[in-house]
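**Q** My structure is in target_6.pdb, and what it holds is PDB, C-alpha atoms:
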MODEL        1
ATOM      1  CA  MET I   1     134.683   6.695-106.974  1.00  0.00           C
ATOM      2  CA  ASP I   2     134.474   2.896-106.992  1.00  0.00           C
ATOM      3  CA  ASP I   3     131.599   2.912-104.517  1.00  0.00           C
ATOM      4  CA  ARG I   4     129.582   5.246-106.793  1.00  0.00           C
ATOM      5  CA  ILE I   5     129.983   3.470-110.138  1.00  0.00           C
ATOM      6  CA  ASP I   6     126.609   1.679-110.080  1.00  0.00           C
ATOM      7  CA  VAL I   7     124.744   4.818-109.024  1.00  0.00           C
ATOM      8  CA  ALA I   8     126.600   6.972-111.584  1.00  0.00           C
ATOM      9  CA  GLU I   9     125.754   4.452-114.312  1.00  0.00           C
ATOM     10  CA  LEU I  10     122.057   4.495-113.362  1.00  0.00           C
ATOM     11  CA  LEU I  11     121.903   8.311-113.276  1.00  0.00           C
ATOM     12  CA  ALA I  12     123.742   8.700-116.593  1.00  0.00           C
ATOM     13  CA  CYS I  13     121.450   6.117-118.189  1.00  0.00           C
ATOM     14  CA  GLU I  14     118.305   7.906-117.010  1.00  0.00           C
ATOM     15  CA  LEU I  15     119.497  11.327-118.206  1.00  0.00           C
ATOM     16  CA  VAL I  16     120.567   9.963-121.606  1.00  0.00           C
ATOM     17  CA  THR I  17     117.290   8.042-121.975  1.00  0.00           C
ATOM     18  CA  ASN I  18     115.351  11.228-121.261  1.00  0.00           C
ATOM     19  CA  ALA I  19     117.325  13.076-123.966  1.00  0.00           C
ATOM     20  CA  TYR I  20     116.829  10.234-126.454  1.00  0.00           C
ATOM     21  CA  ARG I  21     113.081   9.925-125.870  1.00  0.00           C
ATOM     22  CA  TYR I  22     112.165  13.610-125.819  1.00  0.00           C
ATOM     23  CA  SER I  23     114.601  15.320-128.197  1.00  0.00           C
ATOM     24  CA  ASP I  24     114.841  15.036-131.970  1.00  0.00           C
ATOM     25  CA  GLY I  25     118.384  16.371-132.255  1.00  0.00           C
ATOM     26  CA  PRO I  26     121.783  15.405-130.939  1.00  0.00           C
ATOM     27  CA  ALA I  27     122.615  14.943-127.270  1.00  0.00           C
ATOM     28  CA  THR I  28     125.860  14.984-125.306  1.00  0.00           C
ATOM     29  CA  LEU I  29     126.811  13.224-122.053  1.00  0.00           C
ATOM     30  CA  ARG I  30     129.554  14.691-119.880  1.00  0.00           C
ATOM     31  CA  LEU I  31     131.088  13.255-116.711  1.00  0.00           C
ATOM     32  CA  ARG I  32     133.214  15.603-114.648  1.00  0.00           C
ATOM     33  CA  ARG I  33     135.187  15.065-111.467  1.00  0.00           C
ATOM     34  CA  MET I  34     134.770  18.227-109.414  1.00  0.00           C
ATOM     35  CA  GLU I  35     136.275  19.726-106.274  1.00  0.00           C
ATOM     36  CA  ASP I  36     136.556  17.432-103.261  1.00  0.00           C
ATOM     37  CA  ASP I  37     135.905  14.327-105.404  1.00  0.00           C
ATOM     38  CA  TRP I  38     132.301  15.209-106.337  1.00  0.00           C
ATOM     39  CA  LEU I  39     131.086  13.712-109.621  1.00  0.00           C
ATOM     40  CA  ARG I  40     128.892  15.724-112.006  1.00  0.00           C
ATOM     41  CA  ILE I  41     126.879  13.983-114.719  1.00  0.00           C
ATOM     42  CA  SER I  42     125.302  16.282-117.296  1.00  0.00           C
ATOM     43  CA  VAL I  43     123.358  15.739-120.507  1.00  0.00           C
ATOM     44  CA  TRP I  44     122.672  18.405-123.118  1.00  0.00           C
ATOM     45  CA  ASP I  45     119.933  17.971-125.717  1.00  0.00           C
ATOM     46  CA  THR I  46     118.129  20.190-128.226  1.00  0.00           C
ATOM     47  CA  ASN I  47     114.693  20.174-126.560  1.00  0.00           C
ATOM     48  CA  PRO I  48     114.382  23.414-124.527  1.00  0.00           C
ATOM     49  CA  PHE I  49     111.638  22.041-122.225  1.00  0.00           C
ATOM     50  CA  ILE I  50     112.907  21.368-118.701  1.00  0.00           C
ATOM     51  CA  PRO I  51     110.829  18.495-117.287  1.00  0.00           C
ATOM     52  CA  ALA I  52     109.590  18.148-113.738  1.00  0.00           C
ATOM     53  CA  PRO I  53     111.137  17.789-111.238  1.00  0.00           C
ATOM     54  CA  PHE I  54     114.217  19.471-112.773  1.00  0.00           C
ATOM     55  CA  ASP I  55     112.205  22.663-113.206  1.00  0.00           C
ATOM     56  CA  ARG I  56     112.287  23.198-109.407  1.00  0.00           C
ATOM     57  CA  PRO I  57     115.157  23.646-106.946  1.00  0.00           C
ATOM     58  CA  ALA I  58     116.759  20.451-105.625  1.00  0.00           C
ATOM     59  CA  THR I  59     115.386  21.292-102.171  1.00  0.00           C
ATOM     60  CA  ALA I  60     111.755  21.052-103.360  1.00  0.00           C
ATOM     61  CA  ARG I  61     109.705  18.116-102.102  1.00  0.00           C
ATOM     62  CA  LEU I  62     109.162  15.449-104.732  1.00  0.00           C
ATOM     63  CA  ARG I  63     106.124  13.332-105.297  1.00  0.00           C
ATOM     64  CA  ALA I  64     105.672  10.664-107.940  1.00  0.00           C
ATOM     65  CA  VAL I  65     102.735  11.210-110.253  1.00  0.00           C
ATOM     66  CA  PRO I  66     102.888   8.679-113.112  1.00  0.00           C
ATOM     67  CA  CYS I  67     101.486  10.054-116.366  1.00  0.00           C
ATOM     68  CA  PRO I  68     100.477   8.036-119.406  1.00  0.00           C
ATOM     69  CA  GLY I  69     102.958   8.587-122.185  1.00  0.00           C
ATOM     70  CA  PRO I  70     101.287  10.002-125.304  1.00  0.00           C
ATOM     71  CA  ASP I  71     103.928   8.680-127.701  1.00  0.00           C
ATOM     72  CA  PHE I  72     104.955   5.571-125.819  1.00  0.00           C
ATOM     73  CA  GLY I  73     101.670   3.837-125.057  1.00  0.00           C
ATOM     74  CA  PRO I  74      99.852   3.417-121.748  1.00  0.00           C
ATOM     75  CA  GLU I  75     103.031   2.850-119.692  1.00  0.00           C
ATOM     76  CA  PRO I  76     103.669   5.459-116.993  1.00  0.00           C
ATOM     77  CA  VAL I  77     106.514   7.854-117.783  1.00  0.00           C
ATOM     78  CA  GLY I  78     108.533  10.267-115.668  1.00  0.00           C
ATOM     79  CA  ARG I  79     109.927   7.827-113.123  1.00  0.00           C
ATOM     80  CA  GLY I  80     113.505   7.999-114.416  1.00  0.00           C
ATOM     81  CA  LEU I  81     114.100  11.613-113.459  1.00  0.00           C
ATOM     82  CA  LEU I  82     112.567  10.952-110.043  1.00  0.00           C
ATOM     83  CA  LEU I  83     115.182   8.191-109.637  1.00  0.00           C
ATOM     84  CA  VAL I  84     117.888  10.707-110.518  1.00  0.00           C
ATOM     85  CA  CYS I  85     116.589  13.138-107.901  1.00  0.00           C
ATOM     86  CA  GLY I  86     116.337  10.373-105.319  1.00  0.00           C
ATOM     87  CA  TYR I  87     119.873   9.044-105.774  1.00  0.00           C
ATOM     88  CA  ALA I  88     121.747  12.257-106.612  1.00  0.00           C
ATOM     89  CA  ASP I  89     123.041  14.563-103.896  1.00  0.00           C
ATOM     90  CA  ASN I  90     122.324  17.649-106.012  1.00  0.00           C
ATOM     91  CA  TRP I  91     120.565  18.161-109.355  1.00  0.00           C
ATOM     92  CA  GLY I  92     119.156  20.798-111.661  1.00  0.00           C
ATOM     93  CA  GLY I  93     118.344  21.937-115.164  1.00  0.00           C
ATOM     94  CA  HIS I  94     119.171  25.000-117.243  1.00  0.00           C
ATOM     95  CA  PRO I  95     117.647  26.243-120.495  1.00  0.00           C
ATOM     96  CA  LEU I  96     120.310  27.107-123.067  1.00  0.00           C
ATOM     97  CA  GLY I  97     120.225  29.743-125.752  1.00  0.00           C
ATOM     98  CA  ASP I  98     121.231  29.241-129.354  1.00  0.00           C
ATOM     99  CA  ASP I  99     124.917  29.691-128.516  1.00  0.00           C
ATOM    100  CA  LEU I 100     125.780  26.070-127.693  1.00  0.00           C
ATOM    101  CA  PHE I 101     126.560  23.961-130.769  1.00  0.00           C
ATOM    102  CA  GLY I 102     124.393  26.309-132.862  1.00  0.00           C
ATOM    103  CA  SER I 103     121.254  24.928-131.204  1.00  0.00           C
ATOM    104  CA  GLY I 104     119.201  25.794-128.179  1.00  0.00           C
ATOM    105  CA  GLY I 105     118.081  23.180-125.757  1.00  0.00           C
ATOM    106  CA  LYS I 106     118.694  22.381-122.141  1.00  0.00           C
ATOM    107  CA  LEU I 107     121.259  20.930-119.795  1.00  0.00           C
ATOM    108  CA  LEU I 108     120.113  18.499-117.099  1.00  0.00           C
ATOM    109  CA  TRP I 109     122.721  17.615-114.484  1.00  0.00           C
ATOM    110  CA  CYS I 110     123.171  15.797-111.203  1.00  0.00           C
ATOM    111  CA  GLU I 111     126.010  15.424-108.716  1.00  0.00           C
ATOM    112  CA  LEU I 112     127.188  12.608-106.480  1.00  0.00           C
ATOM    113  CA  ALA I 113     129.011  13.373-103.252  1.00  0.00           C
ATOM    114  CA  PRO I 114     132.116  11.449-102.237  1.00  0.00           C
ATOM    115  CA  ARG I 115     131.171   8.499-100.042  1.00  0.00           C
ATOM    116  CA  HIS I 116     134.460   8.294 -98.171  1.00  0.00           C
ATOM    117  CA  GLN I 117     133.573  11.188 -95.828  1.00  0.00           C
ATOM    118  CA  PRO I 118     133.405  10.307 -92.104  1.00  0.00           C
ATOM    119  CA  PRO I 119     129.844  10.060 -90.734  1.00  0.00           C
ATOM    120  CA  GLY I 120     128.466  13.332 -89.441  1.00  0.00           C
ATOM    121  CA  ASP I 121     130.594  15.520 -91.716  1.00  0.00           C
ATOM    122  CA  VAL I 122     128.605  18.149 -93.562  1.00  0.00           C
ATOM    123  CA  ILE I 123     129.284  17.848 -97.259  1.00  0.00           C
ATOM    124  CA  ALA I 124     128.490  20.840 -99.463  1.00  0.00           C
ATOM    125  CA  SER I 125     128.276  20.533-103.213  1.00  0.00           C
ATOM    126  CA  PRO I 126     130.828  22.610-105.144  1.00  0.00           C
ATOM    127  CA  THR I 127     127.874  24.027-107.115  1.00  0.00           C
ATOM    128  CA  VAL I 128     126.075  25.128-103.934  1.00  0.00           C
ATOM    129  CA  LEU I 129     129.280  26.651-102.544  1.00  0.00           C
ATOM    130  CA  ARG I 130     129.931  28.544-105.794  1.00  0.00           C
ATOM    131  CA  LEU I 131     126.381  29.966-105.802  1.00  0.00           C
ATOM    132  CA  ALA I 132     126.689  30.977-102.133  1.00  0.00           C
ATOM    133  CA  ARG I 133     129.948  32.817-102.865  1.00  0.00           C
ATOM    134  CA  ARG I 134     128.243  34.760-105.672  1.00  0.00           C
ATOM    135  CA  GLU I 135     125.360  35.815-103.413  1.00  0.00           C
ATOM    136  CA  THR I 136     127.681  37.145-100.695  1.00  0.00           C
ATOM    137  CA  ALA I 137     129.936  39.028-103.121  1.00  0.00           C
TER     138      ALA I 137
ENDMDL
END
Mind converting the file's structure to structure tokens?
**A**
Amino acid sequence: MDDRIDVAELLACELVTNAYRYSDGPATLRLRRMEDDWLRISVWDTNPFIPAPFDRPATARLRAVPCPGPDFGPEPVGRGLLLVCGYADNWGGHPLGDDLFGSGGKLLWCELAPRHQPPGDVIASPTVLRLARRETA
């Protein structure tokens, strides 16, 4: 984990900043150590809109298209989530119904793989493995 602290801090900061800037309600950050020493960072907020590129599978090709921010002046916006996708080993977003905390919203998440694996080893995310098991069942 020590070798991932700086990257985890950057990714958490970008996800929290996104929630703060684009949601009027509360937000929650969660860090979770998963199977095989993977780290999951997730942020829930009350805005149900899932922004690009989190609205596409993690395998989709990404391209930076800066957009002027309507509420934040002429500065380009949208680079933070591209950073998350570039540094994370897996990422995604899910719309949430009104069940969670009495509010709707979304959950944006990313995962970091363990860095202590020997070179050449294929590392599969616990999330990807869980989804693959469901499809074969």
**Q** Between CA of Asp37 (chain I) and CA of Trp91 (chain I), what is the spacing in Å?
**A**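 Going from CA of Trp91 (chain I) over to CA of Asp37 (chain I) covers 16.3 Å.
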**Q** Counting all atoms listed in the file, find the residues whose atoms lie at most 9 Å from (117.7, 24.7, -117.3) (file coordinates) and write them out as a PyMOL selection string.
**A** chain I and resi 48-50+54-55+92-96+105-108
**Q** Of the candidates I:Gly104, I:Gly97, I:Pro114, I:Pro53, which one gets nearest to Cys85 (chain I) if we count all atoms listed in the file?
**A**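 Among the listed residues, I:Pro53 lies closest to Cys85 (chain I).
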**Q** Going by the chain IDs and residue numbers used in this file, which residues fall under the PyMOL selection byres ((chain I and resi 41) around 12)? Write them as a CSV table (one decimal) with C-alpha atoms, in the coordinates of the input.
**A**
chain,number,residue,atom,x,y,z
I,5,ILE,CA,130.0,3.5,-110.1
I,7,VAL,CA,124.7,4.8,-109.0
I,8,ALA,CA,126.6,7.0,-111.6
I,9,GLU,CA,125.8,4.5,-114.3
I,10,LEU,CA,122.1,4.5,-113.4
I,11,LEU,CA,121.9,8.3,-113.3
I,12,ALA,CA,123.7,8.7,-116.6
I,13,CYS,CA,121.4,6.1,-118.2
I,14,GLU,CA,118.3,7.9,-117.0
I,15,LEU,CA,119.5,11.3,-118.2
I,16,VAL,CA,120.6,10.0,-121.6
I,28,THR,CA,125.9,15.0,-125.3
I,29,LEU,CA,126.8,13.2,-122.1
I,30,ARG,CA,129.6,14.7,-119.9
I,31,LEU,CA,131.1,13.3,-116.7
I,32,ARG,CA,133.2,15.6,-114.6
I,33,ARG,CA,135.2,15.1,-111.5
I,34,MET,CA,134.8,18.2,-109.4
I,38,TRP,CA,132.3,15.2,-106.3
I,39,LEU,CA,131.1,13.7,-109.6
I,40,ARG,CA,128.9,15.7,-112.0
I,42,SER,CA,125.3,16.3,-117.3
I,43,VAL,CA,123.4,15.7,-120.5
I,44,TRP,CA,122.7,18.4,-123.1
I,84,VAL,CA,117.9,10.7,-110.5
I,88,ALA,CA,121.7,12.3,-106.6
I,89,ASP,CA,123.0,14.6,-103.9
I,90,ASN,CA,122.3,17.6,-106.0
I,91,TRP,CA,120.6,18.2,-109.4
I,92,GLY,CA,119.2,20.8,-111.7
I,93,GLY,CA,118.3,21.9,-115.2
I,107,LEU,CA,121.3,20.9,-119.8
I,108,LEU,CA,120.1,18.5,-117.1
I,109,TRP,CA,122.7,17.6,-114.5
I,110,CYS,CA,123.2,15.8,-111.2
I,111,GLU,CA,126.0,15.4,-108.7
I,112,LEU,CA,127.2,12.6,-106.5
I,113,ALA,CA,129.0,13.4,-103.3
**Q** Between CA of Pro51 (chain I) and CA of Leu82 (chain I), what is the spacing in Å?
**A**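 Separation of CA of Leu82 (chain I) and CA of Pro51 (chain I): 10.6 Å.
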**Q** Using all atoms listed in the file, pick whichever of I:Arg56, I:Leu83, I:Asp24, I:Asp36 has the shortest atom-to-atom distance to Ser103 (chain I).
**A**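 Among the listed residues, the smallest separation from Ser103 (chain I) belongs to I:Asp24.
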**Q** Suppose you want the space between CA of Leu81 (chain I) and CA of Thr17 (chain I); what is it in Å?
**A**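 Between CA of Leu81 (chain I) and CA of Thr17 (chain I) the gap is 9.8 Å.
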**Q** Choose the residue, out of I:Arg115, I:Tyr87, I:Ala52, I:Asn47, that has the smallest atom-to-atom separation from Arg21 (chain I); count all atoms listed in the file.
**A** I:Asn47
**Q** Rebuild N, CA, C and O atoms on region 16-41 of chain I, as an mmCIF file, keeping the file's coordinate frame?
**A**
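This went into out10.cif:
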data_model
loop_
_atom_site.group_PDB
_atom_site.id
_atom_site.type_symbol
_atom_site.label_atom_id
_atom_site.label_comp_id
_atom_site.auth_asym_id
_atom_site.auth_seq_id
_atom_site.Cartn_x
_atom_site.Cartn_y
_atom_site.Cartn_z
ATOM 1 N N VAL I 16 120.417 10.201 -120.165
ATOM 2 C CA VAL I 16 120.567 9.963 -121.606
ATOM 3 C C VAL I 16 119.251 9.448 -122.193
ATOM 4 O O VAL I 16 118.841 9.868 -123.288
ATOM 5 N N THR I 17 118.575 8.556 -121.500
ATOM 6 C CA THR I 17 117.290 8.042 -121.975
ATOM 7 C C THR I 17 116.283 9.170 -122.134
ATOM 8 O O THR I 17 115.545 9.228 -123.122
ATOM 9 N N ASN I 18 116.252 10.086 -121.181
ATOM 10 C CA ASN I 18 115.351 11.228 -121.261
ATOM 11 C C ASN I 18 115.655 12.060 -122.513
ATOM 12 O O ASN I 18 114.748 12.453 -123.248
ATOM 13 N N ALA I 19 116.939 12.309 -122.780
ATOM 14 C CA ALA I 19 117.325 13.076 -123.966
ATOM 15 C C ALA I 19 116.928 12.335 -125.245
ATOM 16 O O ALA I 19 116.430 12.937 -126.200
ATOM 17 N N TYR I 20 117.140 11.045 -125.272
ATOM 18 C CA TYR I 20 116.829 10.234 -126.454
ATOM 19 C C TYR I 20 115.323 10.212 -126.744
ATOM 20 O O TYR I 20 114.891 10.343 -127.883
ATOM 21 N N ARG I 21 114.531 10.058 -125.691
ATOM 22 C CA ARG I 21 113.081 9.925 -125.870
ATOM 23 C C ARG I 21 112.399 11.235 -126.210
ATOM 24 O O ARG I 21 111.387 11.248 -126.904
ATOM 25 N N TYR I 22 112.907 12.357 -125.713
ATOM 26 C CA TYR I 22 112.165 13.610 -125.819
ATOM 27 C C TYR I 22 112.861 14.687 -126.647
ATOM 28 O O TYR I 22 112.433 15.834 -126.635
ATOM 29 N N SER I 23 113.909 14.343 -127.361
ATOM 30 C CA SER I 23 114.601 15.320 -128.197
ATOM 31 C C SER I 23 114.825 14.714 -129.581
ATOM 32 O O SER I 23 115.161 13.539 -129.700
ATOM 33 N N ASP I 24 114.647 15.519 -130.605
ATOM 34 C CA ASP I 24 114.841 15.036 -131.970
ATOM 35 C C ASP I 24 116.264 15.229 -132.469
ATOM 36 O O ASP I 24 116.659 14.648 -133.468
ATOM 37 N N GLY I 25 117.032 16.055 -131.799
ATOM 38 C CA GLY I 25 118.384 16.371 -132.255
ATOM 39 C C GLY I 25 119.441 15.610 -131.499
ATOM 40 O O GLY I 25 119.155 14.637 -130.794
ATOM 41 N N PRO I 26 120.676 16.066 -131.626
ATOM 42 C CA PRO I 26 121.783 15.405 -130.939
ATOM 43 C C PRO I 26 121.735 15.624 -129.427
ATOM 44 O O PRO I 26 121.035 16.508 -128.938
ATOM 45 N N ALA I 27 122.487 14.823 -128.731
ATOM 46 C CA ALA I 27 122.615 14.943 -127.270
ATOM 47 C C ALA I 27 124.073 14.651 -126.904
ATOM 48 O O ALA I 27 124.777 13.959 -127.643
ATOM 49 N N THR I 28 124.485 15.180 -125.768
ATOM 50 C CA THR I 28 125.860 14.984 -125.306
ATOM 51 C C THR I 28 125.863 14.641 -123.822
ATOM 52 O O THR I 28 125.199 15.312 -123.030
ATOM 53 N N LEU I 29 126.613 13.617 -123.453
ATOM 54 C CA LEU I 29 126.811 13.224 -122.053
ATOM 55 C C LEU I 29 128.190 13.694 -121.620
ATOM 56 O O LEU I 29 129.169 13.538 -122.353
ATOM 57 N N ARG I 30 128.265 14.260 -120.428
ATOM 58 C CA ARG I 30 129.554 14.691 -119.880
ATOM 59 C C ARG I 30 129.658 14.248 -118.429
ATOM 60 O O ARG I 30 128.740 14.468 -117.646
ATOM 61 N N LEU I 31 130.771 13.620 -118.093
ATOM 62 C CA LEU I 31 131.088 13.255 -116.711
ATOM 63 C C LEU I 31 132.255 14.128 -116.287
ATOM 64 O O LEU I 31 133.247 14.247 -117.011
ATOM 65 N N ARG I 32 132.153 14.705 -115.108
ATOM 66 C CA ARG I 32 133.214 15.603 -114.648
ATOM 67 C C ARG I 32 133.503 15.373 -113.168
ATOM 68 O O ARG I 32 132.587 15.404 -112.346
ATOM 69 N N ARG I 33 134.773 15.150 -112.863
ATOM 70 C CA ARG I 33 135.187 15.065 -111.467
ATOM 71 C C ARG I 33 135.413 16.488 -110.981
ATOM 72 O O ARG I 33 136.178 17.246 -111.560
ATOM 73 N N MET I 34 134.741 16.855 -109.900
ATOM 74 C CA MET I 34 134.770 18.227 -109.414
ATOM 75 C C MET I 34 135.589 18.317 -108.133
ATOM 76 O O MET I 34 136.183 17.328 -107.689
ATOM 77 N N GLU I 35 135.562 19.498 -107.529
ATOM 78 C CA GLU I 35 136.275 19.726 -106.274
ATOM 79 C C GLU I 35 135.872 18.688 -105.232
ATOM 80 O O GLU I 35 134.729 18.245 -105.192
ATOM 81 N N ASP I 36 136.802 18.343 -104.387
ATOM 82 C CA ASP I 36 136.556 17.432 -103.261
ATOM 83 C C ASP I 36 135.967 16.092 -103.694
ATOM 84 O O ASP I 36 135.194 15.483 -102.968
ATOM 85 N N ASP I 37 136.294 15.644 -104.899
ATOM 86 C CA ASP I 37 135.905 14.327 -105.404
ATOM 87 C C ASP I 37 134.407 14.184 -105.685
ATOM 88 O O ASP I 37 133.884 13.079 -105.726
ATOM 89 N N TRP I 38 133.685 15.283 -105.893
ATOM 90 C CA TRP I 38 132.301 15.209 -106.337
ATOM 91 C C TRP I 38 132.295 14.781 -107.806
ATOM 92 O O TRP I 38 133.233 15.070 -108.547
ATOM 93 N N LEU I 39 131.240 14.112 -108.233
ATOM 94 C CA LEU I 39 131.086 13.712 -109.621
ATOM 95 C C LEU I 39 129.857 14.403 -110.193
ATOM 96 O O LEU I 39 128.772 14.320 -109.619
ATOM 97 N N ARG I 40 130.027 15.099 -111.320
ATOM 98 C CA ARG I 40 128.892 15.724 -112.006
ATOM 99 C C ARG I 40 128.622 14.971 -113.300
ATOM 100 O O ARG I 40 129.524 14.699 -114.075
ATOM 101 N N ILE I 41 127.351 14.629 -113.501
ATOM 102 C CA ILE I 41 126.879 13.983 -114.719
ATOM 103 C C ILE I 41 125.928 14.973 -115.374
ATOM 104 O O ILE I 41 124.965 15.413 -114.746
#
